[in-house]
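K.L.:
So that you have it, the file is coords18.cif, and it contains mmCIF, C-alpha atoms and all ligand atoms:
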data_upload
#
loop_
_atom_site.label_atom_id
_atom_site.label_comp_id
_atom_site.auth_asym_id
_atom_site.auth_seq_id
_atom_site.Cartn_x
_atom_site.Cartn_y
_atom_site.Cartn_z
CA MET A 1 0.23 -3.98 -11.37
CA ALA A 2 0.40 -1.23 -13.99
CA LYS A 3 -1.23 2.05 -12.99
CA THR A 4 -4.49 3.00 -14.70
CA VAL A 5 -4.26 6.30 -16.57
CA LEU A 6 -7.36 8.08 -17.84
CA VAL A 7 -6.87 10.44 -20.81
CA SER A 8 -9.56 13.05 -21.54
CA GLY A 9 -9.52 14.55 -25.02
CA GLY A 10 -8.13 11.29 -26.36
CA SER A 11 -9.61 11.91 -29.82
CA GLY A 12 -7.64 15.16 -30.07
CA LEU A 13 -4.24 16.08 -31.49
CA VAL A 14 -2.45 15.93 -28.13
CA GLY A 15 -4.47 13.38 -26.12
CA SER A 16 -4.37 10.74 -28.85
CA ARG A 17 -0.57 10.72 -29.07
CA ILE A 18 -0.13 10.80 -25.30
CA ALA A 19 -2.50 7.84 -24.90
CA GLU A 20 -0.62 5.96 -27.62
CA ILE A 21 2.73 6.43 -25.85
CA LEU A 22 1.43 5.73 -22.33
CA LYS A 23 -0.09 2.43 -23.52
CA ASN A 24 3.45 1.00 -23.56
CA ASN A 25 3.67 1.16 -19.76
CA TYR A 26 0.20 1.71 -18.31
CA THR A 27 -3.41 0.60 -18.55
CA VAL A 28 -4.86 3.52 -20.47
CA LEU A 29 -8.53 4.52 -20.60
CA VAL A 30 -9.54 6.77 -23.50
CA PRO A 31 -13.27 7.45 -23.33
CA SER A 32 -14.78 9.34 -26.25
CA HIS A 33 -16.35 12.77 -25.74
CA LYS A 34 -19.73 11.04 -25.98
CA LYS A 35 -18.81 8.49 -23.28
CA LEU A 36 -17.35 11.12 -20.94
CA ASP A 37 -18.64 14.64 -21.46
CA ILE A 38 -16.62 16.69 -18.98
CA THR A 39 -19.38 19.29 -18.67
CA ASP A 40 -21.66 16.63 -17.17
CA LYS A 41 -20.69 16.69 -13.50
CA ARG A 42 -22.58 13.52 -12.63
CA ALA A 43 -21.07 11.59 -15.54
CA VAL A 44 -17.57 12.71 -14.54
CA PHE A 45 -17.97 11.56 -10.93
CA ALA A 46 -19.60 8.29 -12.02
CA TYR A 47 -16.73 7.58 -14.43
CA PHE A 48 -14.10 8.06 -11.72
CA LYS A 49 -16.10 5.93 -9.29
CA LYS A 50 -16.46 3.09 -11.77
CA HIS A 51 -12.96 3.04 -13.29
CA LYS A 52 -10.84 4.27 -10.35
CA PRO A 53 -7.97 5.72 -12.39
CA ASP A 54 -4.69 6.35 -10.55
CA VAL A 55 -3.84 9.26 -12.85
CA ILE A 56 -5.79 11.51 -15.22
CA ILE A 57 -4.21 13.38 -18.10
CA HIS A 58 -6.79 16.08 -18.75
CA ALA A 59 -6.37 17.21 -22.37
CA ALA A 60 -10.02 17.82 -23.29
CA ALA A 61 -10.68 21.45 -24.17
CA LEU A 62 -12.03 23.83 -26.78
CA ILE A 63 -9.16 25.61 -28.49
CA ASP A 64 -10.37 27.89 -31.31
CA LEU A 65 -9.28 31.44 -30.42
CA ASN A 66 -11.66 33.14 -32.89
CA GLU A 67 -14.65 31.12 -31.78
CA ALA A 68 -13.75 31.71 -28.12
CA GLU A 69 -13.54 35.47 -28.65
CA ARG A 70 -17.16 35.50 -29.84
CA GLU A 71 -18.10 34.23 -26.34
CA ARG A 72 -15.99 36.76 -24.47
CA GLY A 73 -17.36 37.25 -20.94
CA ASP A 74 -20.05 34.61 -21.36
CA LYS A 75 -19.93 32.10 -18.51
CA GLU A 76 -22.88 30.23 -20.03
CA GLY A 77 -20.90 29.85 -23.26
CA LYS A 78 -19.28 26.55 -24.24
CA TYR A 79 -15.69 27.80 -23.79
CA TRP A 80 -16.28 28.61 -20.13
CA ARG A 81 -18.36 25.47 -19.59
CA VAL A 82 -15.83 23.07 -21.16
CA ASN A 83 -12.53 24.71 -20.24
CA VAL A 84 -13.33 26.00 -16.75
CA GLU A 85 -16.39 24.14 -15.42
CA GLY A 86 -15.29 20.88 -17.07
CA THR A 87 -11.85 21.15 -15.49
CA LYS A 88 -13.42 21.96 -12.13
CA TYR A 89 -15.50 18.76 -12.26
CA ILE A 90 -12.47 16.71 -13.34
CA ALA A 91 -10.38 18.21 -10.50
CA LYS A 92 -13.07 17.54 -7.88
CA ALA A 93 -13.71 13.99 -9.08
CA ALA A 94 -9.96 13.30 -9.19
CA LYS A 95 -9.60 14.57 -5.63
CA SER A 96 -12.43 12.43 -4.34
CA ALA A 97 -10.94 9.37 -6.10
CA ARG A 98 -7.38 10.14 -4.88
CA CYS A 99 -6.32 10.32 -8.50
CA TYR A 100 -3.28 12.38 -9.59
CA LEU A 101 -4.33 15.12 -12.03
CA ILE A 102 -2.08 16.33 -14.84
CA TYR A 103 -3.74 19.20 -16.71
CA ILE A 104 -2.65 20.26 -20.20
CA SER A 105 -2.66 24.05 -20.37
CA THR A 106 -1.24 26.63 -22.74
CA GLY A 107 1.23 29.47 -23.17
CA SER A 108 -1.84 31.54 -24.12
CA VAL A 109 -2.37 32.26 -20.42
CA PHE A 110 0.17 34.99 -21.30
CA ARG A 111 -0.27 37.79 -23.78
CA GLY A 112 2.52 39.91 -22.38
CA SER A 113 3.67 43.30 -23.62
CA THR A 114 6.58 44.84 -25.44
CA LYS A 115 7.96 45.96 -22.07
CA ASP A 116 7.72 42.42 -20.69
CA PRO A 117 7.93 40.18 -23.77
CA GLY A 118 8.90 36.85 -22.13
CA PRO A 119 9.89 34.07 -22.18
CA TYR A 120 7.82 33.73 -19.00
CA SER A 121 8.72 31.56 -16.05
CA GLU A 122 6.23 29.26 -14.32
CA SER A 123 5.84 31.81 -11.52
CA HIS A 124 5.14 34.80 -13.79
CA SER A 125 1.64 36.25 -13.31
CA VAL A 126 -0.82 35.32 -16.04
CA THR A 127 -2.28 38.11 -18.17
CA PRO A 128 -5.51 39.58 -16.75
CA LEU A 129 -8.74 39.27 -18.72
CA ARG A 130 -8.72 42.90 -19.89
CA ASN A 131 -5.54 42.22 -21.93
CA ASN A 132 -6.01 38.53 -22.68
CA SER A 133 -7.95 36.39 -25.15
CA TRP A 134 -11.07 34.67 -23.83
CA TYR A 135 -9.46 31.31 -24.65
CA GLY A 136 -6.31 32.21 -22.69
CA TRP A 137 -8.39 33.45 -19.80
CA THR A 138 -10.57 30.30 -19.62
CA LYS A 139 -7.40 28.18 -19.56
CA SER A 140 -5.83 30.26 -16.80
CA ARG A 141 -9.05 30.12 -14.73
CA ALA A 142 -9.13 26.34 -15.24
CA GLU A 143 -5.56 26.07 -13.92
CA GLN A 144 -6.76 27.46 -10.61
CA HIS A 145 -8.91 24.39 -9.98
CA VAL A 146 -6.02 21.99 -10.43
CA LYS A 147 -4.45 20.40 -7.36
CA GLY A 148 -1.84 18.46 -9.26
CA ALA A 149 0.41 19.31 -12.21
CA VAL A 150 -0.31 21.97 -14.82
CA LEU A 151 1.70 21.43 -18.02
CA ARG A 152 1.70 24.51 -20.23
CA VAL A 153 2.53 23.72 -23.85
CA ALA A 154 2.58 25.66 -27.14
CA HIS A 155 1.70 24.62 -30.73
CA PRO A 156 1.88 20.86 -30.17
CA ILE A 157 3.22 18.86 -33.13
CA LYS A 158 3.77 15.20 -33.95
CA LYS A 159 4.79 12.99 -36.86
CA SER A 160 1.49 11.32 -37.77
CA GLY A 161 -1.85 10.15 -36.44
CA ILE A 162 -5.12 11.73 -35.31
CA ARG A 163 -5.55 15.41 -36.32
CA VAL A 164 -1.91 15.72 -37.37
CA ALA A 165 -3.10 17.83 -40.32
CA ASN A 166 -4.17 20.47 -37.76
CA ASP A 167 -0.74 20.93 -36.27
CA TYR A 168 1.31 24.00 -37.20
CA VAL A 169 4.05 22.26 -39.15
CA HIS A 170 1.69 20.07 -41.20
CA ALA A 171 -0.95 22.77 -41.74
CA THR A 172 1.57 25.36 -43.04
CA PRO A 173 2.95 23.39 -46.05
CA ALA A 174 -0.55 22.04 -46.82
CA LEU A 175 -1.86 25.62 -47.14
CA TYR A 176 1.18 26.53 -49.26
CA ARG A 177 0.58 23.60 -51.65
CA ARG A 178 -3.03 24.76 -52.12
CA GLY A 179 -1.86 28.35 -52.75
CA LYS A 180 -3.68 29.46 -49.58
CA LEU A 181 -0.76 30.34 -47.31
CA TYR A 182 -1.41 33.68 -45.67
CA PRO A 183 1.43 36.17 -45.17
CA MET A 184 3.60 35.03 -42.28
CA PHE A 185 4.45 37.12 -39.21
CA THR A 186 8.02 38.33 -38.86
CA ASP A 187 7.47 39.97 -35.46
CA GLN A 188 5.88 37.16 -33.45
CA ARG A 189 7.81 34.56 -31.46
CA ILE A 190 6.36 31.09 -31.33
CA GLN A 191 7.34 27.75 -29.85
CA LEU A 192 6.46 24.26 -31.03
CA THR A 193 6.00 21.40 -28.61
CA TRP A 194 7.05 17.92 -29.66
CA ILE A 195 4.13 15.96 -28.17
CA ASP A 196 6.43 13.05 -27.32
CA ASP A 197 8.25 15.48 -24.97
CA ILE A 198 4.93 16.13 -23.20
CA ALA A 199 4.53 12.37 -22.79
CA LYS A 200 8.09 12.16 -21.42
CA ALA A 201 7.30 14.84 -18.83
CA ILE A 202 4.06 13.04 -17.95
CA GLU A 203 5.85 9.72 -17.42
CA LYS A 204 8.35 11.43 -15.09
CA LEU A 205 5.47 12.96 -13.14
CA ILE A 206 3.56 9.67 -12.91
CA LYS A 207 6.68 7.99 -11.51
CA LYS A 208 7.33 10.81 -9.04
CA PRO A 209 4.21 12.97 -8.68
CA LYS A 210 4.76 16.68 -8.19
CA GLN A 211 2.36 19.59 -7.86
CA GLY A 212 2.64 22.94 -9.58
CA ILE A 213 3.17 24.49 -12.99
CA PHE A 214 5.57 23.07 -15.58
CA HIS A 215 6.51 24.64 -18.92
CA VAL A 216 6.96 22.02 -21.62
CA THR A 217 8.04 23.28 -25.04
CA ASN A 218 11.17 24.33 -26.98
CA PRO A 219 13.95 26.04 -25.05
CA ASP A 220 14.17 28.41 -28.06
CA TRP A 221 11.63 30.16 -30.34
CA VAL A 222 11.12 31.10 -33.99
CA THR A 223 9.04 33.55 -36.00
CA PRO A 224 6.28 32.08 -38.19
CA TYR A 225 8.06 33.51 -41.27
CA ASP A 226 11.39 31.85 -40.44
CA LEU A 227 9.56 28.63 -39.63
CA ALA A 228 7.80 28.68 -43.01
CA GLN A 229 11.16 29.29 -44.71
CA HIS A 230 12.66 26.33 -42.84
CA ILE A 231 9.80 24.05 -43.89
CA ILE A 232 9.06 25.32 -47.40
CA GLY A 233 12.08 27.39 -48.43
CA ASP A 234 10.35 29.80 -50.80
CA LYS A 235 11.57 33.40 -50.59
CA SER A 236 8.36 34.57 -52.25
CA ILE A 237 6.31 33.74 -49.14
CA GLN A 238 4.82 37.03 -48.06
CA LYS A 239 5.72 38.72 -44.79
CA ARG A 240 3.33 40.37 -42.38
CA SER A 241 3.50 42.20 -39.07
CA ILE A 242 1.33 40.92 -36.20
CA ASP A 243 1.39 44.45 -34.78
CA SER A 244 -0.26 45.85 -37.91
CA LEU A 245 -2.80 43.01 -37.98
CA MET A 246 -3.70 43.64 -34.34
CA ARG A 247 -4.18 47.33 -35.12
CA SER A 248 -6.66 46.54 -37.91
CA SER A 249 -8.43 43.53 -36.33
CA ASP A 250 -11.93 43.66 -34.81
CA ILE A 251 -10.73 41.15 -32.20
CA PRO A 252 -7.11 42.16 -31.47
CA LEU A 253 -7.08 40.31 -28.14
CA ARG A 254 -7.33 37.06 -30.08
CA PHE A 255 -3.64 37.43 -31.04
CA HIS A 256 -0.82 36.50 -28.70
CA LYS A 257 2.38 38.21 -29.72
CA HIS A 258 4.21 37.56 -26.47
CA ASN A 259 3.57 34.16 -24.97
CA THR A 260 6.81 32.22 -25.09
CA LEU A 261 7.58 29.96 -22.15
CA ASP A 262 10.83 29.65 -20.24
CA VAL A 263 11.47 25.92 -19.77
CA LYS A 264 14.73 26.00 -17.77
CA LYS A 265 13.13 25.23 -14.40
CA THR A 266 10.99 22.35 -15.69
CA GLN A 267 13.87 20.83 -17.64
CA LYS A 268 15.98 20.83 -14.49
CA LEU A 269 13.23 19.55 -12.18
CA LEU A 270 12.23 16.70 -14.48
CA GLY A 271 15.71 15.97 -15.85
CA ILE A 272 14.60 16.28 -19.50
CA ARG A 273 15.96 18.37 -22.36
CA PHE A 274 13.10 19.36 -24.61
CA LYS A 275 13.56 19.42 -28.38
CA THR A 276 14.52 22.72 -29.99
CA TRP A 277 12.04 23.98 -32.58
CA ARG A 278 14.30 22.76 -35.42
CA GLN A 279 14.66 19.29 -33.90
CA ALA A 280 10.89 19.08 -33.36
CA VAL A 281 10.06 20.17 -36.93
CA ASP A 282 12.59 17.81 -38.45
CA LEU A 283 11.25 14.89 -36.39
CA ALA A 284 7.68 15.73 -37.38
CA LEU A 285 8.38 16.08 -41.09
CA THR A 286 11.00 13.44 -41.92
CA ASN A 287 9.75 10.09 -43.19
N1 LIG B 301 -3.52 22.74 -30.41
C1 LIG B 301 -2.83 23.75 -29.92
O1 LIG B 301 -2.32 24.60 -30.67
C2 LIG B 301 -2.60 23.89 -28.42
C3 LIG B 301 -1.68 24.83 -27.97
C4 LIG B 301 -1.44 24.94 -26.60
C5 LIG B 301 -2.15 24.16 -25.71
N2 LIG B 301 -3.07 23.26 -26.17
C6 LIG B 301 -3.83 22.49 -25.19
O2 LIG B 301 -3.67 21.11 -25.44
C7 LIG B 301 -4.84 20.41 -25.04
C8 LIG B 301 -5.27 19.48 -26.17
O3 LIG B 301 -5.58 20.25 -27.32
P1 LIG B 301 -5.61 19.60 -28.76
O4 LIG B 301 -4.74 20.39 -29.63
O5 LIG B 301 -5.44 18.13 -28.67
O6 LIG B 301 -7.13 19.93 -29.14
P2 LIG B 301 -8.14 19.11 -30.06
O7 LIG B 301 -7.42 18.35 -31.10
O8 LIG B 301 -9.18 20.09 -30.47
O9 LIG B 301 -8.78 18.07 -29.02
C9 LIG B 301 -9.64 18.48 -28.00
C10 LIG B 301 -10.24 17.24 -27.37
O10 LIG B 301 -11.17 17.64 -26.37
C11 LIG B 301 -12.36 16.89 -26.54
N3 LIG B 301 -13.50 17.60 -25.96
C12 LIG B 301 -13.98 18.83 -26.27
N4 LIG B 301 -15.06 19.10 -25.51
C13 LIG B 301 -15.25 18.04 -24.68
C14 LIG B 301 -16.20 17.73 -23.66
N5 LIG B 301 -17.19 18.58 -23.34
N6 LIG B 301 -16.08 16.54 -23.02
C15 LIG B 301 -15.10 15.67 -23.35
N7 LIG B 301 -14.19 15.90 -24.31
C16 LIG B 301 -14.26 17.08 -24.97
C17 LIG B 301 -12.47 16.70 -28.04
O11 LIG B 301 -13.36 15.65 -28.35
P3 LIG B 301 -14.26 15.76 -29.71
O12 LIG B 301 -13.35 16.23 -30.79
O13 LIG B 301 -14.76 14.38 -29.90
O14 LIG B 301 -15.32 16.76 -29.39
C18 LIG B 301 -11.01 16.36 -28.35
O15 LIG B 301 -10.76 15.00 -28.05
C19 LIG B 301 -5.88 21.46 -24.68
O16 LIG B 301 -5.93 21.57 -23.29
C20 LIG B 301 -5.33 22.73 -25.29
O17 LIG B 301 -5.73 23.86 -24.54
C21 LIG B 301 -3.31 23.09 -27.51
#
Taking this structure as input, can you express it in the form of structure tokens?

P.N.:
Amino acid sequence: MAKTVLVSGGSGLVGSRIAEILKNNYTVLVPSHKKLDITDKRAVFAYFKKHKPDVIIHAAALIDLNEAERERGDKEGKYWRVNVEGTKYIAKAAKSARCYLIYISTGSVFRGSTKDPGPYSESHSVTPLRNNSWYGWTKSRAEQHVKGAVLRVAHPIKKSGIRVANDYVHATPALYRRGKLYPMFTDQRIQLTWIDDIAKAIEKLIKKPKQGIFHVTNPDWVTPYDLAQHIIGDKSIQKRSIDSLMRSSDIPLRFHKHNTLDVKKTQKLLGIRFKTWRQAVDLALTN
């Protein structure tokens, strides 16, 4: 019989595509936020008891860095309640139901420094709160509750479907077409994660469950300016320095200049080669 896989955050950019792919091989449950609010401990335990999933892909989270920063330090705030408390309930319920937990995390657990700019390995220490964004910190605290697999990803992208307009490579040309593209950083390194690669890693882990941290994104990186040139190809796009923006910002910790992930270990362990940023962009944008 096919395993039952529960996907939280299934109405989101990442969860929706993962659920779509997993449906080819598994019985997939995709409750809405309303049906399964992860901050409601009783509802979470009741859901696991009723549906008995074999695996949960936990992709539900709040992800707006600016909004999160306004709640910095507030453990009653929704970022702490959803990202940390919600994950704690999911992890406890999964344990009591003997369900394998795969948690979707982020490269924003790192904010690094010029002296130690990454790419960071799975065993590298996460950035402490005093130097990190509140979002990054809530995600790294959530990771600590996970007895299962933590998949750290960066700027997830896909070809089409739910919330695709929010992803980096669709949002950038859309802003450009409306004349609203902001100046692009030339001194930040970013990675893009082809969401189908996350699904590939998940399928490997479902077949042969492993515990620990896995980095799932491009083996290379790009600057936002070079990425915009690749997608749009207009030399008049303005350049900007993230260093100068951080110096003038009221919330400098919101910016992650150094958070690239080293994927060598995960690629080897799972036997997958993740798409390079160029391959991922071209897959996402070709018809
Ligand atoms: N997007 C990125 O750039 C990025 C980068 C790195 C890592 N990630 C990670 O990838 C994962 C998925 O993010 P995403 O991009 O798919 O975000 P998204 O599009 O904003 O989706 C978030 C999902 O979480 C659900 N959710 C929020 N609060 C909930 C609650 N209390 N109970 C149940 N569901 C709740 C949302 O449902 P409603 O919309 O119905 O409220 C939505 O389905 C997250 O763990 C995120 O940290 C994302």

K.L.:
Using only C-alpha atoms and all ligand atoms, which of the listed residues (A:Pro53, A:Gly161, A:Gly118, A:Pro128) sits closest to ligand LIG 301 (chain B)?

P.N.:
A:Gly161

K.L.:
Each residue of chain A with at least one atom at most 9 Å from ligand LIG 301 (chain B) should appear once, together with its nearest atom pair and the corresponding distance in Å (one decimal); atoms considered: only C-alpha atoms and all ligand atoms; ordering: chain, then increasing residue number; output as a tab-separated table.

P.N.:
residue	atom	partner	partner_atom	distance
A:Ser8	CA	B:LIG301	N7	6.1
A:Gly9	CA	B:LIG301	O15	3.3
A:Gly10	CA	B:LIG301	O15	4.9
A:Ser11	CA	B:LIG301	O15	3.7
A:Gly12	CA	B:LIG301	O9	3.3
A:Leu13	CA	B:LIG301	O5	3.7
A:Val14	CA	B:LIG301	O5	3.8
A:Gly15	CA	B:LIG301	O5	5.5
A:Ser16	CA	B:LIG301	O5	7.5
A:Arg17	CA	B:LIG301	O5	8.9
A:Pro31	CA	B:LIG301	C15	8.4
A:Ser32	CA	B:LIG301	O13	6.2
A:His33	CA	B:LIG301	C15	4.0
A:Lys34	CA	B:LIG301	C15	7.1
A:Lys35	CA	B:LIG301	C15	8.1
A:Leu36	CA	B:LIG301	C15	5.6
A:Asp37	CA	B:LIG301	N6	3.5
A:Ile38	CA	B:LIG301	N6	4.1
A:Thr39	CA	B:LIG301	N5	5.2
A:Asp40	CA	B:LIG301	N5	7.9
A:His58	CA	B:LIG301	O16	7.2
A:Ala59	CA	B:LIG301	C7	4.4
A:Ala60	CA	B:LIG301	O10	3.3
A:Ala61	CA	B:LIG301	O10	4.4
A:Leu62	CA	B:LIG301	C12	5.4
A:Ile63	CA	B:LIG301	O17	5.5
A:Asp64	CA	B:LIG301	O8	7.9
A:Lys78	CA	B:LIG301	N5	8.3
A:Tyr79	CA	B:LIG301	N4	8.9
A:Arg81	CA	B:LIG301	N5	7.9
A:Val82	CA	B:LIG301	N5	5.2
A:Asn83	CA	B:LIG301	O16	7.9
A:Gly86	CA	B:LIG301	N5	6.9
A:Tyr103	CA	B:LIG301	O16	7.3
A:Ile104	CA	B:LIG301	O16	4.7
A:Ser105	CA	B:LIG301	O16	5.0
A:Thr106	CA	B:LIG301	C5	4.0
A:Gly107	CA	B:LIG301	C4	6.3
A:Ser108	CA	B:LIG301	C4	7.1
A:Tyr135	CA	B:LIG301	O17	8.3
A:Gly136	CA	B:LIG301	O17	8.6
A:Lys139	CA	B:LIG301	O17	6.8
A:Arg152	CA	B:LIG301	C5	6.7
A:Val153	CA	B:LIG301	C4	5.0
A:Ala154	CA	B:LIG301	C4	4.1
A:His155	CA	B:LIG301	O1	4.0
A:Pro156	CA	B:LIG301	C1	5.5
A:Ile157	CA	B:LIG301	N1	8.2
A:Ile162	CA	B:LIG301	O7	8.2
A:Arg163	CA	B:LIG301	O7	6.3
A:Val164	CA	B:LIG301	O7	8.8
A:Asn166	CA	B:LIG301	O7	7.7
A:Asp167	CA	B:LIG301	N1	6.7
A:Tyr168	CA	B:LIG301	O1	7.5
A:Leu192	CA	B:LIG301	C3	8.7
A:Thr193	CA	B:LIG301	C3	8.4

K.L.:
Between A:Asp116, A:Glu143, A:Asp282, A:Asp262, which residue has the minimum interatomic distance to A:Ile102, considering all atoms listed in the file?

P.N.:
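When distances to A:Ile102 are compared using all atoms listed in the file, the smallest one comes from A:Glu143.
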
K.L.:
Counting all atoms listed in the file, which residue out of A:Lys275, A:Arg98, A:Arg72, A:Arg240 sits closest to A:Lys49?

P.N.:
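Nearest to A:Lys49: A:Arg98.
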
K.L.:
From the list A:Lys204, A:Lys257, A:Arg70, A:Lys159, which residue is nearest A:Ile272 when using all atoms listed in the file?

P.N.:
A:Lys204

K.L.:
With all atoms listed in the file as the basis for distance, which of A:Arg111, A:Arg42, A:Lys265, A:Lys23 is at the shortest distance from A:Phe214?

P.N.:
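Closest to A:Phe214, using all atoms listed in the file: A:Lys265.
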
K.L.:
Counting all atoms listed in the file, figure out which residue out of A:Pro173, A:Pro117, A:Trp80, A:Ile18 gets nearest to A:Gly233.

P.N.:
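Of the candidates, the smallest distance to A:Gly233 is held by A:Pro173.
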
K.L.:
Complete the atoms of stretch 33-40 of chain A to all heavy atoms and put them out as an mmCIF file, in the frame of the given file.

P.N.:
data_model
loop_
_atom_site.group_PDB
_atom_site.id
_atom_site.type_symbol
_atom_site.label_atom_id
_atom_site.label_comp_id
_atom_site.auth_asym_id
_atom_site.auth_seq_id
_atom_site.Cartn_x
_atom_site.Cartn_y
_atom_site.Cartn_z
ATOM 1 N N HIS A 33 -15.607 11.606 -26.243
ATOM 2 C CA HIS A 33 -16.350 12.770 -25.740
ATOM 3 C C HIS A 33 -17.763 12.357 -25.343
ATOM 4 O O HIS A 33 -18.282 12.756 -24.299
ATOM 5 C CB HIS A 33 -16.346 13.827 -26.859
ATOM 6 C CG HIS A 33 -17.078 15.098 -26.546
ATOM 7 N ND1 HIS A 33 -16.946 16.216 -27.307
ATOM 8 C CD2 HIS A 33 -17.964 15.421 -25.570
ATOM 9 C CE1 HIS A 33 -17.721 17.184 -26.806
ATOM 10 N NE2 HIS A 33 -18.339 16.711 -25.768
ATOM 11 N N LYS A 34 -18.359 11.491 -26.218
ATOM 12 C CA LYS A 34 -19.730 11.040 -25.980
ATOM 13 C C LYS A 34 -19.813 10.211 -24.682
ATOM 14 O O LYS A 34 -20.744 10.355 -23.891
ATOM 15 C CB LYS A 34 -20.181 10.202 -27.171
ATOM 16 C CG LYS A 34 -21.649 10.233 -27.401
ATOM 17 C CD LYS A 34 -21.975 9.641 -28.745
ATOM 18 C CE LYS A 34 -23.430 9.177 -28.708
ATOM 19 N NZ LYS A 34 -23.724 8.257 -29.783
ATOM 20 N N LYS A 35 -18.813 9.366 -24.470
ATOM 21 C CA LYS A 35 -18.810 8.490 -23.280
ATOM 22 C C LYS A 35 -18.533 9.278 -22.002
ATOM 23 O O LYS A 35 -19.033 8.962 -20.936
ATOM 24 C CB LYS A 35 -17.720 7.422 -23.422
ATOM 25 C CG LYS A 35 -18.142 6.185 -24.164
ATOM 26 C CD LYS A 35 -18.425 5.042 -23.176
ATOM 27 C CE LYS A 35 -19.194 3.901 -23.772
ATOM 28 N NZ LYS A 35 -18.443 3.184 -24.796
ATOM 29 N N LEU A 36 -17.673 10.308 -22.120
ATOM 30 C CA LEU A 36 -17.350 11.120 -20.940
ATOM 31 C C LEU A 36 -17.345 12.595 -21.337
ATOM 32 O O LEU A 36 -16.334 13.139 -21.796
ATOM 33 C CB LEU A 36 -15.969 10.728 -20.367
ATOM 34 C CG LEU A 36 -15.525 11.571 -19.157
ATOM 35 C CD1 LEU A 36 -16.461 11.384 -17.963
ATOM 36 C CD2 LEU A 36 -14.097 11.215 -18.747
ATOM 37 N N ASP A 37 -18.531 13.210 -21.176
ATOM 38 C CA ASP A 37 -18.640 14.640 -21.460
ATOM 39 C C ASP A 37 -18.242 15.368 -20.176
ATOM 40 O O ASP A 37 -18.935 15.255 -19.151
ATOM 41 C CB ASP A 37 -20.088 14.975 -21.852
ATOM 42 C CG ASP A 37 -20.264 16.456 -22.163
ATOM 43 O OD1 ASP A 37 -19.381 17.269 -21.794
ATOM 44 O OD2 ASP A 37 -21.293 16.811 -22.763
ATOM 45 N N ILE A 38 -17.144 16.109 -20.221
ATOM 46 C CA ILE A 38 -16.620 16.690 -18.980
ATOM 47 C C ILE A 38 -17.499 17.812 -18.417
ATOM 48 O O ILE A 38 -17.293 18.263 -17.296
ATOM 49 C CB ILE A 38 -15.147 17.167 -19.125
ATOM 50 C CG1 ILE A 38 -15.026 18.303 -20.146
ATOM 51 C CG2 ILE A 38 -14.227 15.998 -19.465
ATOM 52 C CD1 ILE A 38 -13.705 19.055 -20.046
ATOM 53 N N THR A 39 -18.479 18.261 -19.205
ATOM 54 C CA THR A 39 -19.380 19.290 -18.670
ATOM 55 C C THR A 39 -20.552 18.671 -17.897
ATOM 56 O O THR A 39 -21.384 19.384 -17.348
ATOM 57 C CB THR A 39 -19.958 20.196 -19.792
ATOM 58 O OG1 THR A 39 -20.740 19.390 -20.669
ATOM 59 C CG2 THR A 39 -18.855 20.872 -20.577
ATOM 60 N N ASP A 40 -20.598 17.343 -17.885
ATOM 61 C CA ASP A 40 -21.660 16.630 -17.170
ATOM 62 C C ASP A 40 -21.078 16.142 -15.835
ATOM 63 O O ASP A 40 -20.423 15.098 -15.765
ATOM 64 C CB ASP A 40 -22.137 15.466 -18.044
ATOM 65 C CG ASP A 40 -23.274 14.685 -17.408
ATOM 66 O OD1 ASP A 40 -23.471 14.798 -16.184
ATOM 67 O OD2 ASP A 40 -23.944 13.943 -18.148
#
